>>> print(open('input09.cif').read())   # mmCIF, C-alpha atoms and all ligand atoms
data_model
#
loop_
_atom_site.label_atom_id
_atom_site.label_comp_id
_atom_site.auth_asym_id
_atom_site.auth_seq_id
_atom_site.Cartn_x
_atom_site.Cartn_y
_atom_site.Cartn_z
CA MET A 19 -10.23 -19.29 -70.50
CA PRO A 20 -6.64 -20.55 -70.84
CA PRO A 21 -3.98 -18.10 -69.66
CA GLN A 22 -2.68 -15.83 -72.34
CA LYS A 23 0.82 -16.67 -73.51
CA ASN A 24 3.23 -13.80 -74.06
CA THR A 25 6.57 -13.32 -75.65
CA PRO A 26 9.43 -11.89 -73.55
CA LEU A 27 9.18 -8.18 -72.83
CA LEU A 28 11.07 -5.86 -75.08
CA ILE A 29 13.38 -3.99 -72.78
CA SER A 30 15.63 -1.07 -73.57
CA GLN A 31 19.35 -1.26 -74.11
CA ARG A 32 19.75 0.41 -70.71
CA LEU A 33 17.91 -2.42 -68.96
CA GLN A 34 19.78 -5.10 -70.86
CA GLU A 35 23.03 -3.58 -69.61
CA LEU A 36 21.66 -3.34 -66.10
CA GLN A 37 20.62 -6.99 -66.25
CA LYS A 38 24.16 -7.98 -67.26
CA ARG A 39 25.68 -5.99 -64.40
CA LEU A 40 23.30 -7.40 -61.82
CA ARG A 41 24.43 -10.88 -62.76
CA LEU A 42 27.98 -9.95 -61.74
CA ILE A 43 26.93 -9.31 -58.13
CA PRO A 44 28.33 -11.96 -55.75
CA SER A 45 25.83 -14.68 -54.85
CA HIS A 46 25.76 -13.97 -51.09
CA TYR A 47 23.77 -10.78 -51.74
CA PHE A 48 20.88 -12.77 -53.20
CA GLY A 49 18.14 -14.50 -51.20
CA ASN A 50 16.72 -11.44 -49.48
CA SER A 51 15.95 -8.23 -51.30
CA PHE A 52 18.44 -5.48 -51.90
CA TYR A 53 18.62 -2.21 -53.77
CA LEU A 54 21.56 -1.68 -56.06
CA PHE A 55 22.42 2.03 -55.73
CA ASP A 56 24.17 3.40 -58.81
CA GLU A 57 25.94 6.59 -57.82
CA GLU A 58 26.76 7.36 -61.41
CA ALA A 59 23.08 7.28 -62.35
CA LEU A 60 22.43 9.86 -59.62
CA ALA A 61 25.16 12.09 -61.06
CA ASP A 62 23.70 11.61 -64.56
CA ALA A 63 20.20 12.64 -63.38
CA VAL A 64 21.60 15.78 -61.75
CA ALA A 65 23.45 16.65 -64.95
CA LEU A 66 20.32 15.99 -67.03
CA PHE A 67 18.27 18.34 -64.87
CA GLU A 68 20.88 21.09 -64.86
CA LYS A 69 21.42 20.83 -68.62
CA ASN A 70 17.74 21.19 -69.45
CA LEU A 71 16.60 23.68 -66.80
CA LYS A 72 19.39 26.21 -67.07
CA GLY A 73 19.38 28.98 -64.49
CA VAL A 74 16.64 27.31 -62.42
CA THR A 75 17.81 26.92 -58.82
CA PRO A 76 17.18 23.32 -57.73
CA PHE A 77 15.83 22.53 -54.26
CA TYR A 78 15.94 18.71 -54.07
CA ALA A 79 12.70 17.36 -52.55
CA MET A 80 14.24 15.04 -49.95
CA LYS A 81 10.87 13.40 -49.27
CA ALA A 82 11.51 11.35 -52.43
CA ASN A 83 14.64 9.74 -50.99
CA ASP A 84 16.54 11.07 -47.98
CA ARG A 85 19.55 8.75 -48.00
CA ASP A 86 22.64 10.54 -46.69
CA GLU A 87 24.60 9.58 -49.82
CA ILE A 88 22.13 11.47 -52.01
CA LEU A 89 21.87 14.51 -49.75
CA ARG A 90 25.67 14.74 -49.42
CA TYR A 91 26.19 14.47 -53.14
CA LEU A 92 23.64 17.19 -53.89
CA ALA A 93 24.94 19.43 -51.12
CA GLN A 94 28.41 19.10 -52.58
CA ALA A 95 27.01 19.90 -56.02
CA GLY A 96 25.70 23.19 -54.60
CA TRP A 97 22.02 22.22 -54.59
CA SER A 98 19.48 23.54 -52.11
CA PHE A 99 16.75 21.44 -50.49
CA ASP A 100 13.00 21.19 -50.04
CA ALA A 101 12.12 19.87 -46.57
CA ALA A 102 8.67 19.00 -45.26
CA SER A 103 9.19 18.75 -41.49
CA ALA A 104 11.40 19.59 -38.51
CA ALA A 105 13.12 16.20 -38.77
CA GLU A 106 14.02 16.77 -42.42
CA VAL A 107 15.43 20.23 -41.64
CA GLU A 108 17.47 18.79 -38.77
CA LYS A 109 18.83 16.05 -41.00
CA LEU A 110 20.04 18.66 -43.49
CA ILE A 111 21.58 20.80 -40.74
CA ALA A 112 23.42 17.74 -39.40
CA LEU A 113 24.88 17.22 -42.87
CA GLY A 114 26.15 20.81 -42.90
CA VAL A 115 23.44 22.38 -45.07
CA SER A 116 22.48 25.76 -43.62
CA GLY A 117 18.97 27.19 -43.43
CA ASP A 118 19.60 29.64 -46.25
CA ARG A 119 19.60 26.63 -48.61
CA ILE A 120 16.29 25.25 -47.38
CA ILE A 121 12.67 25.83 -48.38
CA LEU A 122 10.07 24.39 -46.01
CA ALA A 123 7.61 23.64 -48.80
CA ASN A 124 4.87 22.09 -46.70
CA PRO A 125 1.94 24.54 -46.74
CA PHE A 126 0.87 23.40 -43.24
CA LYS A 127 3.49 23.29 -40.54
CA ASP A 128 3.25 21.93 -37.01
CA ARG A 129 4.66 23.79 -34.03
CA ARG A 130 7.95 21.90 -33.88
CA THR A 131 8.54 22.54 -37.57
CA LEU A 132 7.88 26.25 -37.13
CA GLU A 133 10.28 26.41 -34.17
CA THR A 134 12.93 24.54 -36.15
CA MET A 135 12.50 26.94 -39.06
CA VAL A 136 13.09 29.89 -36.73
CA GLU A 137 16.06 28.24 -35.02
CA HIS A 138 17.86 27.48 -38.28
CA ARG A 139 16.75 30.58 -40.19
CA VAL A 140 15.10 28.61 -42.96
CA ALA A 141 15.11 30.86 -46.01
CA MET A 142 11.73 30.21 -47.59
CA THR A 143 8.39 28.61 -47.00
CA THR A 144 5.08 28.13 -48.78
CA ALA A 145 1.48 28.75 -47.72
CA ASP A 146 -1.88 28.59 -49.43
CA SER A 147 -4.33 29.75 -46.77
CA PRO A 148 -5.00 32.84 -44.65
CA GLU A 149 -4.88 30.73 -41.49
CA GLU A 150 -1.33 29.53 -42.14
CA LEU A 151 -0.18 33.11 -42.72
CA VAL A 152 -1.56 34.04 -39.30
CA LYS A 153 0.35 31.10 -37.78
CA LEU A 154 3.54 32.32 -39.47
CA GLN A 155 2.95 35.86 -38.23
CA GLN A 156 2.53 34.67 -34.63
CA VAL A 157 5.78 32.75 -34.76
CA TYR A 158 7.81 35.35 -36.66
CA GLN A 159 6.63 38.61 -35.10
CA ALA A 160 9.46 38.49 -32.58
CA VAL A 161 12.07 37.59 -35.22
CA ALA A 162 14.22 40.19 -36.98
CA PRO A 163 13.12 40.73 -40.61
CA GLU A 164 16.47 39.54 -41.98
CA ASP A 165 15.92 36.18 -40.24
CA GLN A 166 12.40 35.70 -41.55
CA PRO A 167 11.62 33.43 -44.51
CA LEU A 168 10.29 34.57 -47.84
CA VAL A 169 6.70 33.37 -48.11
CA LEU A 170 5.72 31.86 -51.46
CA ILE A 171 2.02 31.45 -52.08
CA ARG A 172 1.21 28.08 -53.61
CA ILE A 173 -1.33 28.06 -56.41
CA SER A 174 -3.02 25.08 -58.02
CA LEU A 175 -4.84 24.59 -61.30
CA PRO A 176 -6.62 21.49 -62.63
CA ALA A 177 -3.89 18.99 -63.57
CA GLU A 178 -4.00 16.74 -66.61
CA GLY A 179 -2.53 13.26 -66.84
CA VAL A 180 -0.67 13.17 -63.53
CA GLN A 181 -0.16 10.15 -61.30
CA THR A 182 -1.08 11.94 -58.06
CA ASP A 183 -2.91 15.24 -58.19
CA LEU A 184 -1.52 17.28 -55.29
CA GLY A 185 -4.02 20.03 -56.07
CA VAL A 186 -6.71 18.03 -54.27
CA LYS A 187 -4.96 18.91 -51.01
CA PHE A 188 -2.80 21.96 -51.65
CA GLY A 189 -2.74 25.23 -53.53
CA CYS A 190 -5.25 28.00 -53.99
CA PRO A 191 -6.69 29.65 -57.10
CA PRO A 192 -4.55 32.48 -58.56
CA LEU A 193 -7.02 35.16 -57.46
CA GLN A 194 -6.81 34.01 -53.85
CA ALA A 195 -3.01 33.88 -54.13
CA LEU A 196 -3.07 37.57 -54.99
CA GLN A 197 -5.06 38.24 -51.84
CA LEU A 198 -2.70 36.10 -49.74
CA LEU A 199 0.35 38.02 -50.99
CA LYS A 200 -1.42 41.18 -49.85
CA ASN A 201 -2.16 39.50 -46.50
CA CYS A 202 1.57 38.90 -46.11
CA LEU A 203 2.19 42.63 -46.36
CA LYS A 204 -0.53 43.40 -43.82
CA LEU A 205 0.81 40.82 -41.37
CA GLY A 206 4.40 42.03 -41.64
CA LEU A 207 5.55 38.83 -43.36
CA LYS A 208 7.91 38.85 -46.34
CA PRO A 209 6.01 37.96 -49.52
CA GLY A 210 8.43 36.18 -51.85
CA GLY A 211 6.54 35.03 -54.93
CA ILE A 212 4.48 32.13 -56.22
CA SER A 213 4.99 28.37 -56.09
CA PHE A 214 3.14 25.40 -57.52
CA HIS A 215 3.40 21.64 -57.91
CA VAL A 216 1.72 20.32 -61.05
CA GLY A 217 1.23 16.81 -59.59
CA THR A 218 3.50 13.78 -59.68
CA GLN A 219 4.69 12.06 -62.86
CA SER A 220 3.51 14.90 -65.09
CA TRP A 221 4.26 13.88 -68.67
CA ASN A 222 2.03 16.77 -69.68
CA LEU A 223 3.86 19.98 -70.56
CA GLY A 224 0.61 21.95 -70.43
CA ASN A 225 0.47 21.60 -66.65
CA TYR A 226 3.72 23.56 -66.31
CA GLU A 227 2.72 26.03 -69.00
CA ARG A 228 -0.60 26.94 -67.36
CA CYS A 229 0.83 27.21 -63.85
CA LEU A 230 3.71 29.41 -65.02
CA GLU A 231 1.33 31.72 -66.87
CA ALA A 232 -0.92 31.96 -63.82
CA SER A 233 2.09 32.70 -61.57
CA VAL A 234 3.20 35.55 -63.83
CA TRP A 235 -0.35 36.91 -63.84
CA VAL A 236 -0.50 36.95 -60.01
CA LEU A 237 2.87 38.69 -59.71
CA LYS A 238 1.96 41.33 -62.31
CA GLU A 239 -1.38 42.04 -60.61
CA PHE A 240 0.34 42.23 -57.24
CA LYS A 241 2.76 44.81 -58.61
CA ARG A 242 -0.07 46.78 -60.23
CA GLU A 243 -2.08 46.87 -57.00
CA THR A 244 0.67 47.32 -54.40
CA GLY A 245 3.73 48.56 -56.28
CA VAL A 246 5.73 45.62 -54.89
CA ASP A 247 7.64 43.90 -57.69
CA LEU A 248 8.10 40.22 -56.82
CA ARG A 249 9.97 38.07 -59.32
CA LEU A 250 10.35 34.62 -57.76
CA ILE A 251 8.48 31.58 -59.16
CA ASP A 252 9.00 28.07 -57.79
CA ILE A 253 7.88 25.49 -60.34
CA GLY A 254 7.90 22.62 -57.81
CA GLY A 255 8.40 18.99 -58.81
CA GLY A 256 6.41 16.56 -60.90
CA PHE A 257 9.16 15.83 -63.43
CA PRO A 258 8.48 12.26 -64.51
CA TRP A 259 10.68 9.18 -64.58
CA GLY A 260 10.08 5.61 -65.71
CA SER A 261 8.83 4.25 -69.01
CA ALA A 262 7.39 0.88 -70.02
CA ASP A 263 10.69 -0.26 -71.56
CA GLY A 264 12.87 1.34 -68.87
CA SER A 265 14.74 3.64 -71.20
CA GLY A 266 15.51 6.08 -68.37
CA SER A 267 16.70 9.55 -69.35
CA LEU A 268 15.95 8.94 -73.05
CA ALA A 269 12.24 8.93 -72.21
CA VAL A 270 12.26 12.04 -70.07
CA GLU A 271 14.78 14.33 -71.73
CA PRO A 272 12.48 15.67 -74.49
CA LEU A 273 9.93 16.84 -71.91
CA LEU A 274 12.61 18.36 -69.67
CA GLY A 275 13.87 20.22 -72.72
CA GLN A 276 10.41 21.64 -73.36
CA ILE A 277 9.99 22.66 -69.71
CA GLY A 278 13.41 24.29 -70.06
CA GLN A 279 12.12 26.38 -72.96
CA LEU A 280 9.30 27.63 -70.73
CA THR A 281 11.67 28.50 -67.90
CA ASP A 282 14.11 30.17 -70.33
CA ALA A 283 11.29 32.38 -71.58
CA ALA A 284 10.21 33.32 -68.04
CA GLN A 285 13.80 34.13 -67.10
CA ALA A 286 14.16 36.27 -70.21
CA GLU A 287 11.16 38.27 -68.92
CA GLY A 288 13.02 38.94 -65.67
CA TYR A 289 11.65 36.20 -63.41
CA THR A 290 13.84 34.19 -61.05
CA LEU A 291 13.01 30.51 -61.19
CA GLN A 292 13.55 27.65 -58.81
CA ALA A 293 12.27 24.06 -58.69
CA GLN A 294 11.79 21.17 -56.26
CA PRO A 295 12.64 18.02 -58.23
CA GLY A 296 12.35 14.74 -56.33
CA ARG A 297 11.60 11.64 -58.38
CA VAL A 298 13.57 12.61 -61.49
CA ILE A 299 16.77 12.83 -59.44
CA CYS A 300 16.65 9.60 -57.46
CA ALA A 301 14.28 7.14 -59.17
CA GLY A 302 16.72 5.80 -61.76
CA ALA A 303 19.61 5.37 -59.34
CA PHE A 304 18.09 2.39 -57.51
CA THR A 305 17.18 -1.10 -58.74
CA LEU A 306 15.50 -3.59 -56.45
CA VAL A 307 16.48 -7.23 -56.64
CA SER A 308 14.06 -9.64 -54.99
CA THR A 309 13.86 -13.40 -54.86
CA VAL A 310 11.08 -15.90 -55.57
CA ILE A 311 10.27 -17.44 -52.17
CA GLY A 312 7.09 -19.23 -53.21
CA LYS A 313 5.35 -20.41 -56.37
CA THR A 314 1.98 -21.94 -57.14
CA HIS A 315 -0.68 -22.12 -59.85
CA ARG A 316 -4.09 -20.64 -59.15
CA ASN A 317 -6.96 -19.69 -61.47
CA GLN A 318 -4.84 -20.76 -64.42
CA ARG A 319 -2.14 -18.28 -63.53
CA VAL A 320 1.35 -18.69 -62.15
CA TRP A 321 1.68 -16.97 -58.78
CA TYR A 322 5.12 -15.82 -57.68
CA TYR A 323 5.64 -14.86 -54.01
CA LEU A 324 8.64 -12.51 -53.69
CA SER A 325 10.91 -11.62 -50.78
CA ASP A 326 9.62 -8.01 -50.90
CA GLY A 327 6.14 -6.57 -51.21
CA VAL A 328 3.83 -3.61 -50.90
CA TYR A 329 4.60 -3.24 -47.18
CA GLY A 330 8.28 -2.99 -48.06
CA ALA A 331 10.09 -1.72 -51.14
CA TYR A 332 6.99 -1.90 -53.33
CA ASN A 333 4.90 0.41 -51.11
CA GLY A 334 4.85 2.91 -53.98
CA ILE A 335 2.14 0.74 -55.53
CA LEU A 336 -0.17 1.84 -52.68
CA TYR A 337 1.04 5.34 -51.82
CA ASP A 338 2.65 6.58 -55.02
CA HIS A 339 0.30 4.73 -57.44
CA GLN A 340 3.44 3.66 -59.22
CA PRO A 341 3.44 0.63 -61.53
CA TYR A 342 6.76 -1.25 -61.51
CA LEU A 343 8.55 -3.55 -63.92
CA PHE A 344 9.36 -7.11 -62.80
CA LEU A 345 12.10 -8.66 -64.91
CA PRO A 346 13.91 -11.98 -64.59
CA LEU A 347 17.57 -11.66 -63.79
CA ASP A 348 18.59 -14.82 -65.61
CA GLN A 349 18.39 -14.15 -69.31
CA SER A 350 18.55 -17.84 -70.23
CA LEU A 351 15.14 -18.34 -68.62
CA GLU A 352 13.63 -16.09 -71.22
CA SER A 353 14.36 -18.33 -74.14
CA GLN A 354 13.72 -21.65 -72.37
CA SER A 355 10.21 -20.88 -71.26
CA GLU A 356 6.73 -19.84 -72.25
CA TRP A 357 5.77 -16.45 -70.87
CA SER A 358 2.39 -15.64 -69.39
CA ASP A 359 0.77 -12.99 -67.23
CA ALA A 360 1.79 -14.00 -63.71
CA VAL A 361 0.50 -12.75 -60.38
CA VAL A 362 3.32 -11.20 -58.37
CA CYS A 363 2.90 -10.76 -54.64
CA GLY A 364 4.83 -10.01 -51.46
CA PRO A 365 5.81 -12.17 -48.51
CA THR A 366 3.36 -10.95 -45.82
CA CYS A 367 0.10 -12.57 -44.71
CA ASP A 368 -2.02 -9.68 -45.99
CA GLY A 369 -4.23 -10.00 -49.06
CA VAL A 370 -3.43 -6.44 -50.11
CA ASP A 371 0.19 -7.47 -50.55
CA ILE A 372 -0.10 -8.15 -54.29
CA MET A 373 2.06 -6.07 -56.61
CA SER A 374 0.51 -7.15 -59.90
CA GLN A 375 -2.43 -9.30 -60.95
CA GLY A 376 -0.82 -9.94 -64.31
CA THR A 377 2.72 -9.11 -65.32
CA PRO A 378 4.50 -10.91 -68.19
CA LEU A 379 7.03 -13.38 -66.76
CA PRO A 380 8.52 -16.70 -67.80
CA ASP A 381 6.54 -19.65 -66.44
CA ASN A 382 9.67 -21.49 -65.34
CA LEU A 383 10.98 -19.25 -62.54
CA GLU A 384 11.77 -21.38 -59.51
CA LEU A 385 12.38 -20.77 -55.82
CA GLY A 386 15.58 -18.79 -55.38
CA ASP A 387 15.41 -17.17 -58.81
CA SER A 388 15.68 -13.39 -58.81
CA LEU A 389 13.63 -10.63 -60.34
CA PHE A 390 14.73 -7.04 -60.71
CA THR A 391 12.78 -3.81 -60.70
CA PRO A 392 14.56 -0.77 -62.13
CA ASP A 393 13.71 2.86 -61.41
CA ILE A 394 12.53 2.31 -57.82
CA GLY A 395 14.63 4.98 -56.09
CA ALA A 396 11.82 7.46 -55.43
CA TYR A 397 9.13 7.12 -52.77
CA SER A 398 10.13 3.52 -52.02
CA MET A 399 12.62 3.16 -49.18
CA VAL A 400 11.35 6.32 -47.44
CA ALA A 401 7.98 4.68 -46.75
CA ALA A 402 8.89 0.98 -46.43
CA SER A 403 7.83 -0.80 -43.24
CA GLN A 404 8.85 -4.03 -41.54
CA PHE A 405 5.28 -5.35 -41.35
CA ASN A 406 5.08 -9.04 -40.36
CA GLY A 407 8.74 -8.85 -39.35
CA PHE A 408 10.19 -8.75 -42.85
CA SER A 409 13.33 -6.60 -42.93
CA ARG A 410 13.67 -3.65 -45.25
CA ALA A 411 15.82 -4.28 -48.29
CA GLN A 412 19.45 -3.38 -47.69
CA ILE A 413 21.22 -0.90 -49.96
CA VAL A 414 24.26 -2.00 -51.90
CA PRO A 415 26.18 0.82 -53.58
CA VAL A 416 27.71 -0.03 -56.94
CA SER A 417 30.94 1.49 -55.62
CA SER A 418 31.11 -1.24 -52.96
CA LEU A 419 31.19 -3.94 -55.64
CA PRO A 420 34.53 -3.99 -57.46
CA GLU A 421 32.96 -6.58 -59.78
CA LEU A 422 30.83 -3.85 -61.30
CA ASP A 423 33.79 -1.53 -61.64
CA ARG A 424 31.87 1.70 -62.05
CA LEU A 425 32.80 4.02 -59.24
CA SER A 426 31.80 7.55 -60.09
CA PRO A 427 34.79 9.83 -59.47
CA THR A 428 32.59 12.80 -58.63
CA LEU A 429 30.74 10.89 -55.96
CA ALA A 430 33.85 9.34 -54.55
CA GLN A 431 35.03 12.85 -53.69
CA ALA A 432 31.70 13.88 -52.22
CA VAL A 433 30.97 11.04 -49.81
C1 LIG B 501 5.98 20.36 -52.11
C2 LIG B 501 6.60 19.31 -52.94
N1 LIG B 501 7.69 19.62 -53.67
C3 LIG B 501 8.31 18.70 -54.43
C4 LIG B 501 7.86 17.40 -54.47
C5 LIG B 501 8.61 16.41 -55.33
O1 LIG B 501 7.83 16.03 -56.40
P1 LIG B 501 8.37 15.03 -57.52
O2 LIG B 501 8.96 13.88 -56.84
O3 LIG B 501 7.14 14.72 -58.28
O4 LIG B 501 9.37 15.77 -58.33
C6 LIG B 501 6.72 17.03 -53.75
C7 LIG B 501 6.20 15.66 -53.82
O5 LIG B 501 5.17 15.31 -53.33
C8 LIG B 501 6.07 18.00 -52.95
O6 LIG B 501 5.02 17.70 -52.20
#
>>> encode(input="input09.cif", output="structure tokens")
Amino acid sequence: MPPQKNTPLLISQRLQELQKRLRLIPSHYFGNSFYLFDEEALADAVALFEKNLKGVTPFYAMKANDRDEILRYLAQAGWSFDAASAAEVEKLIALGVSGDRIILANPFKDRRTLETMVEHRVAMTTADSPEELVKLQQVYQAVAPEDQPLVLIRISLPAEGVQTDLGVKFGCPPLQALQLLKNCLKLGLKPGGISFHVGTQSWNLGNYERCLEASVWVLKEFKRETGVDLRLIDIGGGFPWGSADGSGSLAVEPLLGQIGQLTDAAQAEGYTLQAQPGRVICAGAFTLVSTVIGKTHRNQRVWYYLSDGVYGAYNGILYDHQPYLFLPLDQSLESQSEWSDAVVCGPTCDGVDIMSQGTPLPDNLELGDSLFTPDIGAYSMVAASQFNGFSRAQIVPVSSLPELDRLSPTLAQAV
């Protein structure tokens, strides 16, 4: 069958502007891959979250992207943080964030992490099993109550339409959560409330709705049975980012607004809400630019070999199950060429290093031409390797490029 011919992709106004700006970047940056880091986009994402989830205390999930620039900016903005390990806690401490602004939201903690939590008086943690509560009790029995963390019990419910269902590994049913809160009391731990994570890239409002309702049910039952009135609910992460046309915040804002209505209602009932957003904060602030280093025709398809692949910046294809956009940087190519579904792959010798078996691209890209991938700031650089000796993509802040002339004043003060 002959390859299917396509017309150029319809991309949003946002991506057209991004494409124009990328073409202003001096030529010596091109050849290898680099991320363009747009500080203003980070500030915009923070503002978007705060505007829609009013009164919800944000704990940024640094696992999504732990670049110092991001952590410093958020720390300056008064945000708290979700850390998963001793090393993440230590990184925050080194940046001047104290333990009272940290939740260790990994339901299973190794010894070094537990010791680091004690040392830095980490304020909160999560658990979803009786065994982990016993571990916490053993570590904290010698610690003064005021230096002990609040323990949030993590629930999970079946998730609909998420990219990665975290409930397969974490969270317990609401009824067991009730029991675990009671266990906290018996063990002399400080029960704090309920947490959940609906799963990543949740475009489905119902996931938040059901988990919030279940959290309220557990807390009410706990009060009825023990007389202890807990009010804290942590709604986790899962806020999505990234649409087929790359329209950024325009795509996500309606859903954030609806989640905000749910959190408003819970707050009006007297609950204290917090969240652990990761992706929604950092994804849109980074664009990867990679270069065509090889080209051939195989099985009636054009194959483009890029300077970055699934072992590098595109690892989210494997780990995060994230589809990415591949767009030509040079707009003139679009009109001069036929478009077809091309195979796009990375530079290593491994057969798994294929990003897409068919993505619409002009047929006339040549060696040295560049492609860009927007919205790649989350779960990309944190997991990239140097497999086969290929360096990780460097990071180029917009503020370092006077050509782009878009230094965010807020960030300039923070960094
Ligand atoms: C405990 C916890 N909190 C928050 C997050 C951030 O989630 P997201 O990036 O989907 O907002 C994750 C991601 O895996 C997580 O495991």
>>> axis_aligned_box(input="input09.cif", around="stretch 363-373 of chain A", padding_each_side="6 Å", output="JSON")
{"center_x": 0.8, "center_y": -9.3, "center_z": -50.7, "size_x": 22.0, "size_y": 18.5, "size_z": 23.9}
>>> closest_residue(input="input09.cif", among="A:Val320, A:Ala145, A:Leu203, A:Leu273", to="ligand LIG 501 (chain B)", atoms="all atoms listed in the file")
A:Ala145
>>> residues_near_ligand(input="input09.cif", ligand="ligand LIG 501 (chain B)", cutoff="8 Å", atoms="all atoms listed in the file", output="ChimeraX atom specification")
/A:78-82,100,102,123-125,184,214-215,217-220,254-258,293-298,396-397
>>> residues_near_point(input="input09.cif", point="(22.0, 20.8, -43.1)", cutoff="10 Å", atoms="all atoms listed in the file", output="MDAnalysis selection string")
chainID A and resid 89:90 93 98:99 106:120 138
>>> residues_near_point(input="input09.cif", point="(18.1, -3.0, -67.2)", cutoff="9 Å", atoms="only C-alpha atoms", output="VMD selection string")
chain A and resid 29 to 40 264 to 265 305 345 390 to 392
>>> atom_distance(input="input09.cif", atom1="atom CA of A:Asn70", atom2="atom CA of A:Ser267")
11.7 Å
>>> build_atoms(input="input09.cif", residues="stretch 383-401 of chain A", atoms="N, CA and C atoms", output="PDB file, keeping the file's coordinate frame")
ATOM      1  N   LEU A 383      10.198 -19.732 -63.681  1.00  0.00           N
ATOM      2  CA  LEU A 383      10.980 -19.250 -62.540  1.00  0.00           C
ATOM      3  C   LEU A 383      10.792 -20.213 -61.378  1.00  0.00           C
ATOM      4  N   GLU A 384      11.861 -20.461 -60.640  1.00  0.00           N
ATOM      5  CA  GLU A 384      11.770 -21.380 -59.510  1.00  0.00           C
ATOM      6  C   GLU A 384      12.211 -20.685 -58.231  1.00  0.00           C
ATOM      7  N   LEU A 385      11.975 -21.343 -57.098  1.00  0.00           N
ATOM      8  CA  LEU A 385      12.380 -20.770 -55.820  1.00  0.00           C
ATOM      9  C   LEU A 385      13.868 -20.422 -55.864  1.00  0.00           C
ATOM     10  N   GLY A 386      14.179 -19.219 -55.370  1.00  0.00           N
ATOM     11  CA  GLY A 386      15.580 -18.790 -55.380  1.00  0.00           C
ATOM     12  C   GLY A 386      15.955 -17.986 -56.615  1.00  0.00           C
ATOM     13  N   ASP A 387      15.122 -18.022 -57.652  1.00  0.00           N
ATOM     14  CA  ASP A 387      15.410 -17.170 -58.810  1.00  0.00           C
ATOM     15  C   ASP A 387      15.137 -15.710 -58.450  1.00  0.00           C
ATOM     16  N   SER A 388      15.814 -14.816 -59.149  1.00  0.00           N
ATOM     17  CA  SER A 388      15.680 -13.390 -58.810  1.00  0.00           C
ATOM     18  C   SER A 388      14.963 -12.616 -59.897  1.00  0.00           C
ATOM     19  N   LEU A 389      14.248 -11.592 -59.438  1.00  0.00           N
ATOM     20  CA  LEU A 389      13.630 -10.630 -60.340  1.00  0.00           C
ATOM     21  C   LEU A 389      14.235  -9.275 -60.034  1.00  0.00           C
ATOM     22  N   PHE A 390      14.291  -8.401 -61.022  1.00  0.00           N
ATOM     23  CA  PHE A 390      14.730  -7.040 -60.710  1.00  0.00           C
ATOM     24  C   PHE A 390      13.724  -6.020 -61.179  1.00  0.00           C
ATOM     25  N   THR A 391      13.688  -4.925 -60.423  1.00  0.00           N
ATOM     26  CA  THR A 391      12.780  -3.810 -60.700  1.00  0.00           C
ATOM     27  C   THR A 391      13.618  -2.555 -60.803  1.00  0.00           C
ATOM     28  N   PRO A 392      13.770  -1.998 -62.007  1.00  0.00           N
ATOM     29  CA  PRO A 392      14.560  -0.770 -62.130  1.00  0.00           C
ATOM     30  C   PRO A 392      13.736   0.444 -61.708  1.00  0.00           C
ATOM     31  N   ASP A 393      14.394   1.571 -61.580  1.00  0.00           N
ATOM     32  CA  ASP A 393      13.710   2.860 -61.410  1.00  0.00           C
ATOM     33  C   ASP A 393      12.817   2.889 -60.162  1.00  0.00           C
ATOM     34  N   ILE A 394      13.337   2.372 -59.049  1.00  0.00           N
ATOM     35  CA  ILE A 394      12.530   2.310 -57.820  1.00  0.00           C
ATOM     36  C   ILE A 394      13.156   3.145 -56.703  1.00  0.00           C
ATOM     37  N   GLY A 395      13.929   4.179 -57.099  1.00  0.00           N
ATOM     38  CA  GLY A 395      14.630   4.980 -56.090  1.00  0.00           C
ATOM     39  C   GLY A 395      13.797   6.070 -55.436  1.00  0.00           C
ATOM     40  N   ALA A 396      12.615   6.368 -56.000  1.00  0.00           N
ATOM     41  CA  ALA A 396      11.820   7.460 -55.430  1.00  0.00           C
ATOM     42  C   ALA A 396      10.597   6.913 -54.701  1.00  0.00           C
ATOM     43  N   TYR A 397      10.325   7.477 -53.542  1.00  0.00           N
ATOM     44  CA  TYR A 397       9.130   7.120 -52.770  1.00  0.00           C
ATOM     45  C   TYR A 397       9.021   5.613 -52.553  1.00  0.00           C
ATOM     46  N   SER A 398      10.143   4.957 -52.308  1.00  0.00           N
ATOM     47  CA  SER A 398      10.130   3.520 -52.020  1.00  0.00           C
ATOM     48  C   SER A 398      10.710   3.305 -50.622  1.00  0.00           C
ATOM     49  N   MET A 399      12.028   3.462 -50.487  1.00  0.00           N
ATOM     50  CA  MET A 399      12.620   3.160 -49.180  1.00  0.00           C
ATOM     51  C   MET A 399      12.177   4.128 -48.093  1.00  0.00           C
ATOM     52  N   VAL A 400      11.769   5.349 -48.462  1.00  0.00           N
ATOM     53  CA  VAL A 400      11.350   6.320 -47.440  1.00  0.00           C
ATOM     54  C   VAL A 400      10.064   5.891 -46.729  1.00  0.00           C
ATOM     55  N   ALA A 401       9.264   5.053 -47.358  1.00  0.00           N
ATOM     56  CA  ALA A 401       7.980   4.680 -46.750  1.00  0.00           C
ATOM     57  C   ALA A 401       7.874   3.188 -46.449  1.00  0.00           C
TER      58      ALA A 401
END
